[in-house]
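Just coords10.tsv here, TSV, C-alpha atoms (C1' of nucleotides):
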chain	number	residue	atom	x	y	z
X	964	MET	CA	195.05	168.73	229.24
X	965	ALA	CA	192.05	168.85	231.51
X	966	LEU	CA	192.54	172.23	233.16
X	967	ALA	CA	192.46	173.89	229.77
X	968	HIS	CA	189.06	172.38	229.13
X	969	ALA	CA	187.75	173.32	232.53
X	970	ILE	CA	188.71	176.91	231.68
X	971	LEU	CA	186.90	176.67	228.36
X	972	VAL	CA	183.84	175.46	230.26
X	973	CYS	CA	184.16	178.50	232.49
X	974	LEU	CA	184.29	180.82	229.53
X	975	THR	CA	181.01	179.49	228.16
X	976	GLU	CA	179.55	181.88	230.73
X	977	GLY	CA	180.98	184.82	228.78
X	978	LYS	CA	184.09	186.97	228.69
X	979	GLN	CA	186.23	186.73	231.77
X	980	SER	CA	189.62	187.77	233.05
X	981	GLY	CA	192.06	185.32	234.59
X	982	TYR	CA	191.03	186.76	237.89
X	983	ASP	CA	187.37	185.97	237.21
X	984	VAL	CA	188.16	182.44	236.11
X	985	ASN	CA	190.11	181.95	239.29
X	986	LYS	CA	187.14	183.07	241.34
X	987	ALA	CA	184.91	180.58	239.57
X	988	PHE	CA	187.48	177.95	240.47
X	989	GLN	CA	187.04	178.83	244.11
X	990	GLY	CA	183.28	178.43	244.11
X	991	SER	CA	180.88	176.79	241.64
X	992	ILE	CA	182.98	174.86	239.14
X	993	GLY	CA	185.78	174.79	241.68
X	994	PHE	CA	183.79	172.38	243.83
X	995	PHE	CA	184.46	169.77	241.14
X	996	TRP	CA	187.71	170.89	239.60
X	997	HIS	CA	190.19	172.96	241.52
X	998	SER	CA	193.21	174.96	240.49
X	999	ASP	CA	195.03	178.10	241.50
X	1000	HIS	CA	195.61	181.46	239.87
X	1001	GLN	CA	199.17	180.63	238.85
X	1002	ARG	CA	198.18	177.65	236.82
X	1003	ILE	CA	195.17	179.42	235.39
X	1004	TYR	CA	197.29	182.28	234.06
X	1005	ARG	CA	199.78	179.83	232.62
X	1006	GLU	CA	197.05	177.82	230.97
X	1007	LEU	CA	195.31	180.91	229.61
X	1008	SER	CA	198.43	182.03	227.77
X	1009	LYS	CA	198.83	178.50	226.47
X	1010	ILE	CA	195.33	178.24	225.04
X	1011	LEU	CA	195.63	181.78	223.73
X	1012	LYS	CA	198.58	180.62	221.64
X	1013	LEU	CA	196.57	177.60	220.54
X	1014	GLY	CA	193.82	179.95	219.41
X	1015	TRP	CA	191.12	178.47	221.62
X	1016	VAL	CA	190.49	181.86	223.23
X	1017	GLU	CA	191.05	185.46	222.24
X	1018	CYS	CA	192.11	188.25	224.49
X	1019	GLU	CA	191.09	191.86	224.79
X	1020	LEU	CA	192.93	194.33	226.99
X	1021	VAL	CA	190.66	196.47	229.12
X	1022	GLU	CA	192.15	199.58	230.71
X	1023	GLN	CA	190.52	200.49	233.94
X	1024	PRO	CA	191.06	203.84	235.63
X	1025	SER	CA	191.62	203.41	239.36
X	1026	LYS	CA	192.00	199.63	238.97
X	1027	PRO	CA	194.68	197.41	237.45
X	1028	ASN	CA	194.18	196.75	233.76
X	1029	LYS	CA	192.76	193.39	232.91
X	1030	LYS	CA	192.70	190.94	230.04
X	1031	LEU	CA	189.29	189.69	229.06
X	1032	TYR	CA	189.34	186.27	227.49
X	1033	SER	CA	186.56	184.83	225.36
X	1034	LEU	CA	186.00	181.61	223.47
X	1035	THR	CA	186.83	181.44	219.79
X	1036	GLN	CA	185.12	179.05	217.39
X	1037	ALA	CA	188.19	176.82	217.66
X	1038	GLY	CA	187.74	176.85	221.43
X	1039	ILE	CA	184.09	175.86	221.14
X	1040	ASP	CA	184.99	173.04	218.75
X	1041	GLN	CA	187.69	171.91	221.12
X	1042	LEU	CA	185.22	171.89	224.00
X	1043	LYS	CA	182.76	169.81	222.02
X	1044	GLU	CA	185.42	167.36	220.93
X	1045	TRP	CA	186.59	166.98	224.50
X	1046	ALA	CA	183.06	166.36	225.74
X	1047	LYS	CA	182.65	163.51	223.28
X	1048	LYS	CA	185.52	161.57	224.76
X	1049	PRO	CA	184.67	159.21	227.58
X	1050	SER	CA	185.41	160.82	230.90
X	1051	PRO	CA	187.73	158.75	233.06
X	1052	THR	CA	186.62	158.06	236.61
X	1053	ALA	CA	188.89	159.84	239.04
X	1054	PRO	CA	190.32	157.27	241.43
X	1055	LEU	CA	189.68	157.78	245.12
X	1056	LYS	CA	192.70	159.17	246.89
X	1057	ASP	CA	192.47	159.76	250.56
X	1058	ASP	CA	194.97	159.81	253.36
X	1059	LEU	CA	192.42	159.02	256.01
X	1060	LEU	CA	191.25	155.83	254.33
X	1061	VAL	CA	194.85	154.72	253.89
X	1062	ARG	CA	195.54	155.25	257.57
X	1063	LEU	CA	192.76	152.83	258.41
X	1064	PHE	CA	194.85	150.08	256.85
X	1065	SER	CA	197.43	150.44	259.58
X	1066	LEU	CA	194.93	151.19	262.30
X	1067	HIS	CA	196.49	148.60	264.60
X	1068	MET	CA	199.70	150.62	264.75
X	1069	LEU	CA	198.20	154.06	265.26
X	1070	ASP	CA	196.77	156.17	268.03
X	1071	LEU	CA	193.02	155.66	268.00
X	1072	ALA	CA	192.19	158.91	269.77
X	1073	ILE	CA	194.05	160.99	267.21
X	1074	LEU	CA	192.46	159.14	264.34
X	1075	ALA	CA	189.00	159.60	265.83
X	1076	GLU	CA	189.77	163.30	266.09
X	1077	GLN	CA	190.65	163.36	262.41
X	1078	VAL	CA	187.40	161.63	261.53
X	1079	ARG	CA	185.49	164.18	263.59
X	1080	ALA	CA	187.32	167.01	261.79
X	1081	ARG	CA	186.48	165.46	258.46
X	1082	ARG	CA	182.87	165.21	259.51
X	1083	GLU	CA	182.73	168.87	260.44
X	1084	GLU	CA	184.23	169.85	257.12
X	1085	HIS	CA	181.53	168.04	255.24
X	1086	VAL	CA	178.78	169.34	257.47
X	1087	ALA	CA	179.99	172.85	256.62
X	1088	LYS	CA	180.06	171.97	252.92
X	1089	LEU	CA	176.57	170.56	253.05
X	1090	ILE	CA	175.28	173.72	254.70
X	1091	LEU	CA	176.94	175.80	252.01
X	1092	TYR	CA	175.53	173.64	249.24
X	1093	ARG	CA	172.06	173.86	250.74
X	1094	LYS	CA	172.33	177.64	250.86
X	1095	ILE	CA	173.28	177.68	247.20
X	1096	GLN	CA	170.39	175.35	246.46
X	1097	VAL	CA	167.88	177.64	248.15
X	1098	ARG	CA	169.43	180.75	246.69
X	1099	TYR	CA	169.78	179.70	243.05
X	1100	TYR	CA	167.91	176.48	242.47
X	1101	SER	CA	164.70	176.66	244.44
X	1102	ASP	CA	162.65	176.89	241.28
X	1103	VAL	CA	164.47	175.14	238.44
X	1104	ASP	CA	162.97	174.93	234.99
X	1105	PRO	CA	163.61	171.29	234.01
X	1106	THR	CA	163.98	172.22	230.34
X	1107	ASP	CA	166.73	174.81	230.87
X	1108	ALA	CA	169.93	172.88	230.16
X	1109	ARG	CA	172.19	175.59	231.54
X	1110	THR	CA	170.62	175.55	234.99
X	1111	VAL	CA	169.82	171.88	235.16
X	1112	GLY	CA	173.43	170.89	234.49
X	1113	LYS	CA	174.82	172.99	237.27
X	1114	TYR	CA	172.10	171.87	239.62
X	1115	LEU	CA	172.97	168.24	238.94
X	1116	SER	CA	176.57	168.88	239.85
X	1117	LEU	CA	175.50	170.63	243.03
X	1118	LYS	CA	173.38	167.65	243.93
X	1119	PHE	CA	176.41	165.47	243.42
X	1120	GLY	CA	178.28	167.62	245.89
X	1121	MET	CA	175.44	167.25	248.37
X	1122	ARG	CA	175.41	163.48	248.04
X	1123	ASP	CA	179.16	163.49	248.46
X	1124	ALA	CA	178.97	165.42	251.72
X	1125	GLU	CA	176.11	163.30	252.99
X	1126	ARG	CA	177.90	160.02	252.39
X	1127	TRP	CA	180.97	161.38	254.15
X	1128	ILE	CA	178.95	162.42	257.17
X	1129	ALA	CA	177.19	159.06	257.35
X	1130	TRP	CA	180.46	157.19	257.02
X	1131	CYS	CA	182.19	159.31	259.65
X	1132	ASP	CA	179.39	158.53	262.09
X	1133	GLU	CA	179.82	154.85	261.39
X	1134	ALA	CA	183.59	155.10	261.75
X	1135	LEU	CA	183.36	157.00	265.03
X	1136	PHE	CA	181.00	154.39	266.42
X	1137	THR	CA	183.36	151.62	265.38
X	1138	LEU	CA	186.45	153.34	266.76
X	1139	ASP	CA	184.63	153.93	270.01
X	1140	ASN	CA	183.95	150.22	270.38
X	1141	LEU	CA	187.61	149.46	269.77
X	1142	GLY	CA	189.15	151.55	272.49
Z	1086	MET	CA	205.40	162.69	250.23
Z	1087	ALA	CA	202.22	160.75	250.49
Z	1088	LEU	CA	203.04	157.74	248.34
Z	1089	ALA	CA	205.98	156.93	250.58
Z	1090	HIS	CA	203.64	156.73	253.54
Z	1091	ALA	CA	201.11	154.64	251.68
Z	1092	ILE	CA	203.93	152.19	250.99
Z	1093	LEU	CA	204.86	152.15	254.66
Z	1094	VAL	CA	201.24	151.35	255.46
Z	1095	CYS	CA	201.45	148.47	253.00
Z	1096	LEU	CA	204.55	147.12	254.67
Z	1097	THR	CA	202.84	146.95	258.06
Z	1098	GLU	CA	201.45	143.70	256.62
Z	1099	GLY	CA	204.96	142.25	256.56
Z	1100	LYS	CA	207.92	141.92	254.20
Z	1101	GLN	CA	207.09	142.58	250.61
Z	1102	SER	CA	208.80	143.07	247.28
Z	1103	GLY	CA	208.09	146.04	245.05
Z	1104	TYR	CA	206.04	143.68	242.97
Z	1105	ASP	CA	203.91	142.72	245.99
Z	1106	VAL	CA	203.41	146.34	246.98
Z	1107	ASN	CA	202.29	147.10	243.47
Z	1108	LYS	CA	199.73	144.32	243.62
Z	1109	ALA	CA	198.35	145.70	246.87
Z	1110	PHE	CA	198.05	149.02	245.07
Z	1111	GLN	CA	195.85	147.37	242.50
Z	1112	GLY	CA	193.43	145.88	244.99
Z	1113	SER	CA	192.79	146.61	248.67
Z	1114	ILE	CA	194.74	149.74	249.53
Z	1115	GLY	CA	194.72	150.67	245.86
Z	1116	PHE	CA	191.00	151.35	246.04
Z	1117	PHE	CA	191.89	154.42	248.11
Z	1118	TRP	CA	195.35	155.32	246.91
Z	1119	HIS	CA	196.58	154.40	243.51
Z	1120	SER	CA	200.02	154.32	241.95
Z	1121	ASP	CA	201.96	152.34	239.40
Z	1122	HIS	CA	204.96	150.06	239.61
Z	1123	GLN	CA	207.35	152.67	238.23
Z	1124	ARG	CA	206.63	155.13	240.95
Z	1125	ILE	CA	206.61	152.43	243.60
Z	1126	TYR	CA	210.09	151.25	242.66
Z	1127	ARG	CA	211.36	154.82	242.60
Z	1128	GLU	CA	209.80	155.55	245.97
Z	1129	LEU	CA	211.12	152.33	247.51
Z	1130	SER	CA	214.71	153.22	246.64
Z	1131	LYS	CA	214.08	156.68	248.04
Z	1132	ILE	CA	212.79	155.49	251.40
Z	1133	LEU	CA	215.52	152.85	251.50
Z	1134	LYS	CA	218.07	155.68	251.38
Z	1135	LEU	CA	216.12	157.49	254.08
Z	1136	GLY	CA	216.33	154.38	256.22
Z	1137	TRP	CA	212.59	153.92	256.60
Z	1138	VAL	CA	212.80	150.41	255.16
Z	1139	GLU	CA	215.48	147.79	254.82
Z	1140	CYS	CA	216.01	145.48	251.93
Z	1141	GLU	CA	216.93	141.86	251.67
Z	1142	LEU	CA	217.79	140.20	248.37
Z	1143	VAL	CA	216.10	136.86	247.84
Z	1144	GLU	CA	217.44	134.63	245.12
Z	1145	GLN	CA	214.83	132.43	243.59
Z	1146	PRO	CA	215.63	129.51	241.37
Z	1147	SER	CA	213.35	129.44	238.33
Z	1148	LYS	CA	212.02	132.93	239.08
Z	1149	PRO	CA	213.57	136.37	238.92
Z	1150	ASN	CA	215.32	137.42	242.10
Z	1151	LYS	CA	213.44	139.80	244.27
Z	1152	LYS	CA	214.08	142.40	246.92
Z	1153	LEU	CA	212.07	142.01	250.08
Z	1154	TYR	CA	211.48	145.27	251.88
Z	1155	SER	CA	210.50	145.57	255.51
Z	1156	LEU	CA	209.84	148.43	257.91
Z	1157	THR	CA	212.62	149.68	260.14
Z	1158	GLN	CA	212.01	151.35	263.48
Z	1159	ALA	CA	212.59	154.69	261.74
Z	1160	GLY	CA	209.92	153.74	259.25
Z	1161	ILE	CA	207.46	152.87	261.99
Z	1162	ASP	CA	208.18	156.18	263.72
Z	1163	GLN	CA	207.73	157.99	260.44
Z	1164	LEU	CA	204.40	156.26	259.91
Z	1165	LYS	CA	203.20	157.24	263.36
Z	1166	GLU	CA	204.30	160.84	262.93
Z	1167	TRP	CA	202.54	161.04	259.61
Z	1168	ALA	CA	199.34	159.63	261.07
Z	1169	LYS	CA	199.30	162.34	263.70
Z	1170	LYS	CA	199.15	165.10	261.14
Z	1171	PRO	CA	195.69	166.19	260.03
Z	1172	SER	CA	194.77	164.52	256.78
Z	1173	PRO	CA	193.76	166.98	254.11
Z	1174	THR	CA	190.49	166.34	252.31
Z	1175	ALA	CA	191.12	165.46	248.71
Z	1176	PRO	CA	189.17	167.87	246.55
Z	1177	LEU	CA	186.67	166.41	244.12
Z	1178	LYS	CA	188.00	166.33	240.60
Z	1179	ASP	CA	185.78	165.00	237.91
Z	1180	ASP	CA	185.48	165.61	234.21
Z	1181	LEU	CA	181.89	164.54	234.06
Z	1182	LEU	CA	180.76	167.04	236.66
Z	1183	VAL	CA	182.64	169.82	234.88
Z	1184	ARG	CA	180.94	168.96	231.61
Z	1185	LEU	CA	177.58	169.55	233.24
Z	1186	PHE	CA	178.52	173.21	233.58
Z	1187	SER	CA	178.47	173.60	229.83
Z	1188	LEU	CA	175.59	171.23	229.27
Z	1189	HIS	CA	173.81	173.77	227.10
Z	1190	MET	CA	176.58	173.53	224.51
Z	1191	LEU	CA	177.00	169.78	224.45
Z	1192	ASP	CA	175.38	166.75	222.90
Z	1193	LEU	CA	172.91	165.40	225.44
Z	1194	ALA	CA	172.83	161.88	224.04
Z	1195	ILE	CA	176.60	161.48	224.33
Z	1196	LEU	CA	176.61	162.83	227.85
Z	1197	ALA	CA	173.81	160.50	228.88
Z	1198	GLU	CA	175.86	157.65	227.45
Z	1199	GLN	CA	178.79	158.73	229.60
Z	1200	VAL	CA	176.60	158.83	232.69
Z	1201	ARG	CA	175.37	155.33	231.92
Z	1202	ALA	CA	178.95	154.13	231.51
Z	1203	ARG	CA	179.86	155.70	234.82
Z	1204	ARG	CA	176.91	153.98	236.43
Z	1205	GLU	CA	177.98	150.58	235.11
Z	1206	GLU	CA	181.48	151.12	236.41
Z	1207	HIS	CA	180.23	151.74	239.90
Z	1208	VAL	CA	177.77	148.88	239.77
Z	1209	ALA	CA	180.72	146.62	238.95
Z	1210	LYS	CA	182.72	148.11	241.79
Z	1211	LEU	CA	179.88	147.62	244.23
Z	1212	ILE	CA	179.55	143.98	243.23
Z	1213	LEU	CA	183.29	143.52	243.74
Z	1214	TYR	CA	183.19	145.23	247.13
Z	1215	ARG	CA	180.28	143.07	248.21
Z	1216	LYS	CA	182.16	139.96	247.20
Z	1217	ILE	CA	185.10	141.09	249.30
Z	1218	GLN	CA	182.73	141.82	252.16
Z	1219	VAL	CA	181.26	138.34	252.08
Z	1220	ARG	CA	184.65	136.69	251.57
Z	1221	TYR	CA	186.67	138.47	254.23
Z	1222	TYR	CA	184.39	140.44	256.49
Z	1223	SER	CA	181.28	138.36	257.07
Z	1224	ASP	CA	182.21	137.80	260.68
Z	1225	VAL	CA	184.30	140.72	261.94
Z	1226	ASP	CA	185.54	140.86	265.51
Z	1227	PRO	CA	184.78	144.48	266.52
Z	1228	THR	CA	187.81	144.57	268.81
Z	1229	ASP	CA	190.35	143.57	266.15
Z	1230	ALA	CA	191.79	146.89	264.98
Z	1231	ARG	CA	193.53	145.38	261.98
Z	1232	THR	CA	190.37	143.99	260.45
Z	1233	VAL	CA	188.03	146.74	261.57
Z	1234	GLY	CA	190.13	149.44	259.92
Z	1235	LYS	CA	190.17	147.76	256.55
Z	1236	TYR	CA	186.51	146.96	256.78
Z	1237	LEU	CA	185.72	150.62	257.43
Z	1238	SER	CA	187.59	151.62	254.32
Z	1239	LEU	CA	185.74	148.99	252.31
Z	1240	LYS	CA	182.47	150.35	253.59
Z	1241	PHE	CA	183.55	153.77	252.43
Z	1242	GLY	CA	184.12	152.35	248.98
Z	1243	MET	CA	180.65	150.83	249.04
Z	1244	ARG	CA	179.04	154.09	250.05
Z	1245	ASP	CA	180.99	155.81	247.32
Z	1246	ALA	CA	179.73	153.45	244.66
Z	1247	GLU	CA	176.17	153.64	245.97
Z	1248	ARG	CA	176.07	157.42	245.88
Z	1249	TRP	CA	177.42	157.39	242.34
Z	1250	ILE	CA	174.75	154.94	241.21
Z	1251	ALA	CA	171.99	156.93	242.87
Z	1252	TRP	CA	173.27	160.18	241.36
Z	1253	CYS	CA	173.60	158.68	237.90
Z	1254	ASP	CA	169.99	157.54	238.04
Z	1255	GLU	CA	168.93	161.03	239.00
Z	1256	ALA	CA	171.07	162.56	236.24
Z	1257	LEU	CA	169.71	160.17	233.61
Z	1258	PHE	CA	166.17	161.01	234.60
Z	1259	THR	CA	166.93	164.73	234.39
Z	1260	LEU	CA	168.70	164.46	231.03
Z	1261	ASP	CA	165.80	162.44	229.70
Z	1262	ASN	CA	163.38	165.21	230.58
Z	1263	LEU	CA	165.59	167.76	228.82
Z	1264	GLY	CA	165.78	166.18	225.40
I	1166	DG	C1'	197.61	202.24	259.53
I	1167	DG	C1'	196.13	197.46	258.48
I	1168	DT	C1'	193.32	194.25	255.98
I	1169	DG	C1'	191.31	192.78	251.90
I	1170	DC	C1'	190.17	193.18	247.05
I	1171	DC	C1'	191.65	193.75	242.27
I	1172	DA	C1'	194.99	192.07	238.88
I	1173	DT	C1'	198.94	190.09	236.97
I	1174	DG	C1'	202.58	186.91	236.56
I	1175	DT	C1'	207.61	183.90	237.19
I	1176	DA	C1'	210.71	180.22	239.14
I	1177	DA	C1'	211.71	176.15	241.31
I	1178	DC	C1'	210.35	172.01	242.75
I	1179	DG	C1'	207.73	167.82	243.52
I	1180	DA	C1'	204.30	164.48	241.95
I	1181	DG	C1'	202.46	161.65	238.50
I	1182	DT	C1'	202.07	159.61	233.70
I	1183	DT	C1'	203.60	157.40	229.48
I	1184	DA	C1'	206.71	155.13	226.96
I	1185	DC	C1'	210.62	152.27	226.81
I	1186	DA	C1'	213.32	148.17	228.26
I	1187	DT	C1'	214.37	143.18	229.68
I	1188	DG	C1'	213.74	138.24	230.34
I	1189	DA	C1'	212.54	133.66	232.40
I	1190	DT	C1'	208.64	130.46	233.59
I	1191	DT	C1'	204.03	128.49	233.57
I	1192	DG	C1'	199.63	127.17	231.63
I	1193	DG	C1'	196.34	126.73	227.98
A	1267	DC	C1'	203.00	129.37	220.11
A	1268	DC	C1'	200.79	132.94	222.78
A	1269	DA	C1'	199.45	135.11	226.86
A	1270	DA	C1'	199.99	135.82	231.59
A	1271	DT	C1'	202.71	136.12	235.73
A	1272	DC	C1'	206.86	137.24	238.15
A	1273	DA	C1'	210.29	140.87	238.71
A	1274	DT	C1'	212.92	144.86	237.98
A	1275	DG	C1'	213.83	149.41	236.56
A	1276	DT	C1'	215.04	154.25	233.42
A	1277	DA	C1'	213.90	158.50	230.72
A	1278	DA	C1'	211.16	162.02	229.16
A	1279	DC	C1'	207.49	164.67	229.91
A	1280	DT	C1'	203.40	166.92	231.85
A	1281	DC	C1'	200.84	168.41	235.67
A	1282	DG	C1'	200.39	170.60	240.06
A	1283	DT	C1'	202.13	173.12	244.25
A	1284	DT	C1'	204.70	176.49	246.86
A	1285	DA	C1'	207.10	180.42	247.18
A	1286	DC	C1'	208.20	184.74	245.37
A	1287	DA	C1'	206.99	189.30	243.32
A	1288	DT	C1'	204.36	193.81	242.54
A	1289	DG	C1'	201.19	197.65	243.42
A	1290	DG	C1'	197.14	200.74	243.73
A	1291	DC	C1'	192.43	201.50	245.82
A	1292	DA	C1'	188.75	201.16	249.29
A	1293	DC	C1'	187.10	200.53	253.76
A	1294	DC	C1'	187.23	200.48	258.77
Mind turning this structure into structure tokens?
Amino acid sequence: MALAHAILVCLTEGKQSGYDVNKAFQGSIGFFWHSDHQRIYRELSKILKLGWVECELVEQPSKPNKKLYSLTQAGIDQLKEWAKKPSPTAPLKDDLLVRLFSLHMLDLAILAEQVRARREEHVAKLILYRKIQVRYYSDVDPTDARTVGKYLSLKFGMRDAERWIAWCDEALFTLDNLG
Amino acid sequence: MALAHAILVCLTEGKQSGYDVNKAFQGSIGFFWHSDHQRIYRELSKILKLGWVECELVEQPSKPNKKLYSLTQAGIDQLKEWAKKPSPTAPLKDDLLVRLFSLHMLDLAILAEQVRARREEHVAKLILYRKIQVRYYSDVDPTDARTVGKYLSLKFGMRDAERWIAWCDEALFTLDNLG
DNA sequence: GGTGCCATGTAACGAGTTACATGATTGG
DNA sequence: CCAATCATGTAACTCGTTACATGGCACC
């Protein structure tokens, strides 16, 4: 039940609608845990029943009504309990790496193209992360847990992109020497 | 239908039983695409029906009988078609990174312990990868596609472990300064 | 008049996990 | 005698994805 906990983490930022949570899952926390609005709405009603969140209906003139969710004490306890459990390492799962295992049967030019595309993706990500770094984390107070935690995760994202870019360069060089 | 294709990739190595495929999914290819024997057996019967593989029953005295699967031409075509399609980047998904977003509400000591555990895991992986490197890839012929492809994926694994270790060190330093 | 944002969900399907189930042989 | 290896699968369940569904407001 990991998505539920990711939502709880989201709600530590304050009251939010399903729509808001979904937006957070597209940026920020979504860089490390993704979902879609369908599942988020489903999960919100589930954890509402469990009592981990409470819900307040907000009527908005000239906009659709929304439901603002906020953490309950049970939700906070649940979050803390979850955080105590060891976090399992997510196994790598990547098409591109698998394809390399049957490289001898595949079209090298197409594969090289895919590696280039992957490289570009991560270059774009790195640029985005660096923008976020400059925008929000150029002057971090090292004693502010709230900021420091998020900054650490951003740095992870940056390292992730960098290692992809470096590996793609290596792979392209190798593929070039093959054909 | 990604698992099916990962199995096809496996079978480019030659005839294998479900048991063999499962073992490959625990080492080598399994470092980049994991599964379990249940799903592998299910998927094998599925792609047998589709005609991507064919099956030969081998009776073994003093061992359980086994079914040896091998690629058919349709399977090879399928593999090649699949490899032409762009490979989607697997989104990051990690508990530990998510927890950092609610760092201000969590127990720092426990989290630091989890980071240390994560570090050890990746140190162990890196050692394993290096052993494999020395054992199988100390003298790679850069024109041998079969070897070069697998070696590239191994190098990806090594970079992955290295970036984790480096990040964990950074995180531990940061967490230390907090508490 | 079209695109995009706000805001909510359901239904069907496919993928993946956990638990259950069997049974012989080999090595310590 | 116990554990590991070889070898196969089924059943129930949860998680995740895709497609479907609605509808007003604001901006260009």
Can you check which parts of chain X lie within 7 Å of chain Z? Per residue, the shortest pair of atoms and distance in Å to one decimal, counting all atoms listed in the file, sorted by chain and number, as JSON lines.
{"residue": "X:Ala969", "atom": "CA", "partner": "Z:Val1183", "partner_atom": "CA", "distance": 6.6}
{"residue": "X:Val972", "atom": "CA", "partner": "Z:Ser1187", "partner_atom": "CA", "distance": 5.7}
{"residue": "X:Thr975", "atom": "CA", "partner": "Z:Ser1187", "partner_atom": "CA", "distance": 6.6}
{"residue": "X:Ile992", "atom": "CA", "partner": "Z:Val1183", "partner_atom": "CA", "distance": 6.6}
{"residue": "X:Phe994", "atom": "CA", "partner": "Z:Leu1177", "partner_atom": "CA", "distance": 6.6}
{"residue": "X:Phe995", "atom": "CA", "partner": "Z:Lys1178", "partner_atom": "CA", "distance": 5.0}
{"residue": "X:Trp996", "atom": "CA", "partner": "Z:Lys1178", "partner_atom": "CA", "distance": 4.7}
{"residue": "X:Lys1043", "atom": "CA", "partner": "Z:Leu1191", "partner_atom": "CA", "distance": 6.3}
{"residue": "X:Ala1046", "atom": "CA", "partner": "Z:Arg1184", "partner_atom": "CA", "distance": 6.8}
{"residue": "X:Lys1047", "atom": "CA", "partner": "Z:Ile1195", "partner_atom": "CA", "distance": 6.5}
{"residue": "X:Pro1049", "atom": "CA", "partner": "Z:Gln1199", "partner_atom": "CA", "distance": 6.2}
{"residue": "X:Ser1050", "atom": "CA", "partner": "Z:Asp1180", "partner_atom": "CA", "distance": 5.8}
{"residue": "X:Ala1053", "atom": "CA", "partner": "Z:Asp1179", "partner_atom": "CA", "distance": 6.1}
{"residue": "X:Leu1055", "atom": "CA", "partner": "Z:Phe1117", "partner_atom": "CA", "distance": 5.0}
{"residue": "X:Lys1056", "atom": "CA", "partner": "Z:Trp1118", "partner_atom": "CA", "distance": 4.7}
{"residue": "X:Asp1057", "atom": "CA", "partner": "Z:Phe1117", "partner_atom": "CA", "distance": 5.9}
{"residue": "X:Asp1058", "atom": "CA", "partner": "Z:Ser1172", "partner_atom": "CA", "distance": 5.8}
{"residue": "X:Leu1059", "atom": "CA", "partner": "Z:Ser1172", "partner_atom": "CA", "distance": 6.0}
{"residue": "X:Leu1060", "atom": "CA", "partner": "Z:Ser1238", "partner_atom": "CA", "distance": 5.6}
{"residue": "X:Val1061", "atom": "CA", "partner": "Z:Phe1117", "partner_atom": "CA", "distance": 6.5}
{"residue": "X:Arg1062", "atom": "CA", "partner": "Z:Ala1168", "partner_atom": "CA", "distance": 6.8}
{"residue": "X:Leu1063", "atom": "CA", "partner": "Z:Gly1234", "partner_atom": "CA", "distance": 4.5}
{"residue": "X:Phe1064", "atom": "CA", "partner": "Z:Lys1235", "partner_atom": "CA", "distance": 5.2}
{"residue": "X:Ser1065", "atom": "CA", "partner": "Z:Val1094", "partner_atom": "CA", "distance": 5.7}
{"residue": "X:Leu1066", "atom": "CA", "partner": "Z:Gly1234", "partner_atom": "CA", "distance": 5.6}
{"residue": "X:His1067", "atom": "CA", "partner": "Z:Ala1230", "partner_atom": "CA", "distance": 5.0}
{"residue": "X:Leu1069", "atom": "CA", "partner": "Z:Lys1165", "partner_atom": "CA", "distance": 6.2}
{"residue": "X:Ile1073", "atom": "CA", "partner": "Z:Lys1169", "partner_atom": "CA", "distance": 6.5}
{"residue": "X:Gln1077", "atom": "CA", "partner": "Z:Pro1171", "partner_atom": "CA", "distance": 6.3}
{"residue": "X:Pro1105", "atom": "CA", "partner": "Z:Leu1263", "partner_atom": "CA", "distance": 6.6}
{"residue": "X:Thr1106", "atom": "CA", "partner": "Z:Leu1263", "partner_atom": "CA", "distance": 5.0}
{"residue": "X:Ala1108", "atom": "CA", "partner": "Z:His1189", "partner_atom": "CA", "distance": 5.0}
{"residue": "X:Arg1109", "atom": "CA", "partner": "Z:His1189", "partner_atom": "CA", "distance": 5.1}
{"residue": "X:Gly1112", "atom": "CA", "partner": "Z:Leu1185", "partner_atom": "CA", "distance": 4.5}
{"residue": "X:Lys1113", "atom": "CA", "partner": "Z:Phe1186", "partner_atom": "CA", "distance": 5.2}
{"residue": "X:Leu1115", "atom": "CA", "partner": "Z:Ala1256", "partner_atom": "CA", "distance": 6.6}
{"residue": "X:Ser1116", "atom": "CA", "partner": "Z:Leu1182", "partner_atom": "CA", "distance": 5.6}
{"residue": "X:Phe1119", "atom": "CA", "partner": "Z:Trp1252", "partner_atom": "CA", "distance": 6.5}
{"residue": "X:Arg1122", "atom": "CA", "partner": "Z:Arg1248", "partner_atom": "CA", "distance": 6.5}
{"residue": "X:Arg1126", "atom": "CA", "partner": "Z:Arg1244", "partner_atom": "CA", "distance": 6.5}
{"residue": "X:Trp1130", "atom": "CA", "partner": "Z:Phe1241", "partner_atom": "CA", "distance": 6.5}
{"residue": "X:Ala1134", "atom": "CA", "partner": "Z:Leu1237", "partner_atom": "CA", "distance": 6.6}
{"residue": "X:Asn1140", "atom": "CA", "partner": "Z:Pro1227", "partner_atom": "CA", "distance": 7.0}
{"residue": "X:Leu1141", "atom": "CA", "partner": "Z:Thr1228", "partner_atom": "CA", "distance": 5.0}
**Message:** Based on only C-alpha atoms (C1' of nucleotides), which of the residues in chain Z come within 12 Å of chain A? I want them as a ChimeraX atom specification.
**Reply:** /Z:1102-1105,1107-1108,1122-1130,1143-1145,1147-1153
**Asked** What is the C1' of DG1181 in chain I-CA of Asp999 in chain X distance in Å, reported with one decimal?
**Response**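 These atoms are spaced 18.3 Å apart.
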Would you give me, as a Markdown table, each residue of chain I having an atom within 12 Å of an atom of chain X, along with its shortest atom pair and that distance in Å to one decimal, using only C-alpha atoms (C1' of nucleotides) and sorting by chain and residue number?
| residue | atom | partner | partner_atom | distance |
| --- | --- | --- | --- | --- |
| I:DC1170 | C1' | X:Lys1026 | CA | 10.5 |
| I:DC1171 | C1' | X:Lys1026 | CA | 6.8 |
| I:DA1172 | C1' | X:Pro1027 | CA | 5.5 |
| I:DT1173 | C1' | X:Lys1029 | CA | 8.1 |
| I:DG1174 | C1' | X:Tyr1004 | CA | 7.5 |
| I:DT1175 | C1' | X:Gln1001 | CA | 9.2 |
| I:DA1176 | C1' | X:Gln1001 | CA | 11.6 |
